[in-house]
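Trainee: The following block contains the structure, expressed as structure tokens.
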Amino acid sequence: MDKSPDAFRTISEVAEDLDLPQHVLRFWETRFNQIKPMKRGGGRRYYRPQDVELIKGIRHMLYDQGYTIKGVQKLLRENGNQFLIAIGHGDVAAVEAIAQRRQAEEVPLTPAAQPRTDDEMLVGQPTAKPNRRFFGLGKADDEGPVQAGSGKLSRDNRALLQEALFDLLECKRLLDQVR
């Protein structure tokens, strides 16, 4: 006798349907706080239909697409549960619609609204352009080199390091996508 599509599922039913061991489902509950099965007396788990759909999406990203757990956590954080549910269904139109909606919601901050520290932020867009200067070469006298051992970096050096950080973060993002 089959259950209704809206019926709750036990961990053994979900594990069998998704071809996963039960201990993997329990582990994923600790790594993805979006998976919240209802627990009854004795700790017995009952998964809602939306929990099962989310697990399908997580399974697809981890096993079929080769994402890491951190990568899937980032996808969930950035795009929400519906994104992974759509991926689990193979609904490309819904995935694209969610991604487009997310891009439309991203409104760039005006320069006045961006948070700042003393001279510039360490994370974000560099505020000082290096103008092809490289660690003190070609600077004006008033911007002279910082004394060794002072524990400070000049504005240009900080901007160069910040741009290198952006490049490295982009490389990491691309490598994470390949995995």
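Scheme for the structure tokens: letters A, B, ... for chains in order shown; per-chain residue numbers from 1; ligand numbers from 1 in order shown.
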Write out as a Markdown table the residues of region 30-49 of chain A that have any atom within 12 Å of an atom of region 79-91 of chain A, one row each with the nearest atom pair and its distance in Å to one decimal, counting only C-alpha atoms, sorted by chain and then rising number.
Mentor:
```
| residue | atom | partner | partner_atom | distance |
| --- | --- | --- | --- | --- |
| A:Phe32 | CA | A:Asn81 | CA | 10.7 |
| A:Asn33 | CA | A:Asn81 | CA | 10.9 |
| A:Gln34 | CA | A:Asn81 | CA | 7.6 |
| A:Ile35 | CA | A:Asn81 | CA | 9.7 |
| A:Pro49 | CA | A:Ile85 | CA | 10.8 |
```
Trainee: For the residues selected in the previous step, produce a file with N, CA, C and O atoms as a JSON list (two decimals), in the first residue's frame.
Mentor:
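The file below, part_31.json, is the result:
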```
[["chain", "number", "residue", "atom", "x", "y", "z"],
["A", 32, "PHE", "N", 22.95, 20.48, 7.79],
["A", 32, "PHE", "CA", 21.99, 21.34, 7.11],
["A", 32, "PHE", "C", 20.81, 21.59, 8.05],
["A", 32, "PHE", "O", 19.95, 20.73, 8.21],
["A", 33, "ASN", "N", 20.81, 22.75, 8.68],
["A", 33, "ASN", "CA", 19.75, 23.03, 9.65],
["A", 33, "ASN", "C", 18.39, 23.22, 8.98],
["A", 33, "ASN", "O", 17.38, 23.34, 9.65],
["A", 34, "GLN", "N", 18.35, 23.23, 7.64],
["A", 34, "GLN", "CA", 17.08, 23.32, 6.93],
["A", 34, "GLN", "C", 16.33, 21.99, 6.95],
["A", 34, "GLN", "O", 15.12, 21.97, 6.72],
["A", 35, "ILE", "N", 17.03, 20.90, 7.20],
["A", 35, "ILE", "CA", 16.38, 19.58, 7.29],
["A", 35, "ILE", "C", 15.93, 19.41, 8.73],
["A", 35, "ILE", "O", 16.76, 19.24, 9.63],
["A", 49, "PRO", "N", 7.02, 16.12, 3.34],
["A", 49, "PRO", "CA", 7.32, 16.05, 1.90],
["A", 49, "PRO", "C", 8.35, 17.09, 1.46],
["A", 49, "PRO", "O", 9.23, 16.79, 0.65]]
```
Trainee: Quick one: residues within 10 Å of Arg26 (chain A), only C-alpha atoms, excluding same-chain residues fewer than 3 positions away - as a list in words?
Mentor: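 So the residues in contact are Ile11, Pro21, Gln22, His23, Glu29, Thr30, Arg31, Ile35, Pro37 and Arg45 of chain A.
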Trainee: Those residues with N, CA and C atoms, as an mmCIF file, in the first residue's frame please?
Mentor:
```cif
data_model
loop_
_atom_site.group_PDB
_atom_site.id
_atom_site.type_symbol
_atom_site.label_atom_id
_atom_site.label_comp_id
_atom_site.auth_asym_id
_atom_site.auth_seq_id
_atom_site.Cartn_x
_atom_site.Cartn_y
_atom_site.Cartn_z
ATOM 1 N N ILE A 11 12.397 7.550 8.433
ATOM 2 C CA ILE A 11 13.770 7.628 7.941
ATOM 3 C C ILE A 11 14.093 6.445 7.040
ATOM 4 N N PRO A 21 22.043 5.615 2.980
ATOM 5 C CA PRO A 21 21.995 4.980 4.298
ATOM 6 C C PRO A 21 21.336 5.921 5.318
ATOM 7 N N GLN A 22 20.702 5.361 6.308
ATOM 8 C CA GLN A 22 20.022 6.177 7.320
ATOM 9 C C GLN A 22 20.991 7.069 8.084
ATOM 10 N N HIS A 23 22.205 6.561 8.319
ATOM 11 C CA HIS A 23 23.157 7.373 9.079
ATOM 12 C C HIS A 23 23.562 8.629 8.308
ATOM 13 N N GLU A 29 21.339 16.061 8.829
ATOM 14 C CA GLU A 29 20.562 16.903 9.746
ATOM 15 C C GLU A 29 21.474 17.789 10.584
ATOM 16 N N THR A 30 22.678 17.286 10.899
ATOM 17 C CA THR A 30 23.608 18.096 11.704
ATOM 18 C C THR A 30 24.304 19.155 10.867
ATOM 19 N N ARG A 31 24.412 18.948 9.565
ATOM 20 C CA ARG A 31 25.124 19.881 8.688
ATOM 21 C C ARG A 31 24.201 20.870 7.980
ATOM 22 N N ILE A 35 17.030 20.897 7.196
ATOM 23 C CA ILE A 35 16.385 19.576 7.289
ATOM 24 C C ILE A 35 15.933 19.405 8.735
ATOM 25 N N PRO A 37 13.260 17.088 10.427
ATOM 26 C CA PRO A 37 12.161 16.124 10.538
ATOM 27 C C PRO A 37 11.474 16.262 11.896
ATOM 28 N N ARG A 45 11.957 9.635 13.682
ATOM 29 C CA ARG A 45 11.893 10.771 12.758
ATOM 30 C C ARG A 45 10.792 10.570 11.725
#
```
Trainee: Run DSSP on the backbone and tell me which residues of region 25-92 of chain A come out as alpha helix (DSSP H); list them as a VMD selection string.
Mentor: chain A and resid 25 to 31 49 to 59 69 to 79 81 to 89 92
Trainee: Write out as number ranges by chain the residues lying within 8 Å of Tyr46 (chain A), counting only C-alpha atoms and excluding same-chain residues fewer than 5 positions away.
Mentor: A: 8-11, 37-40
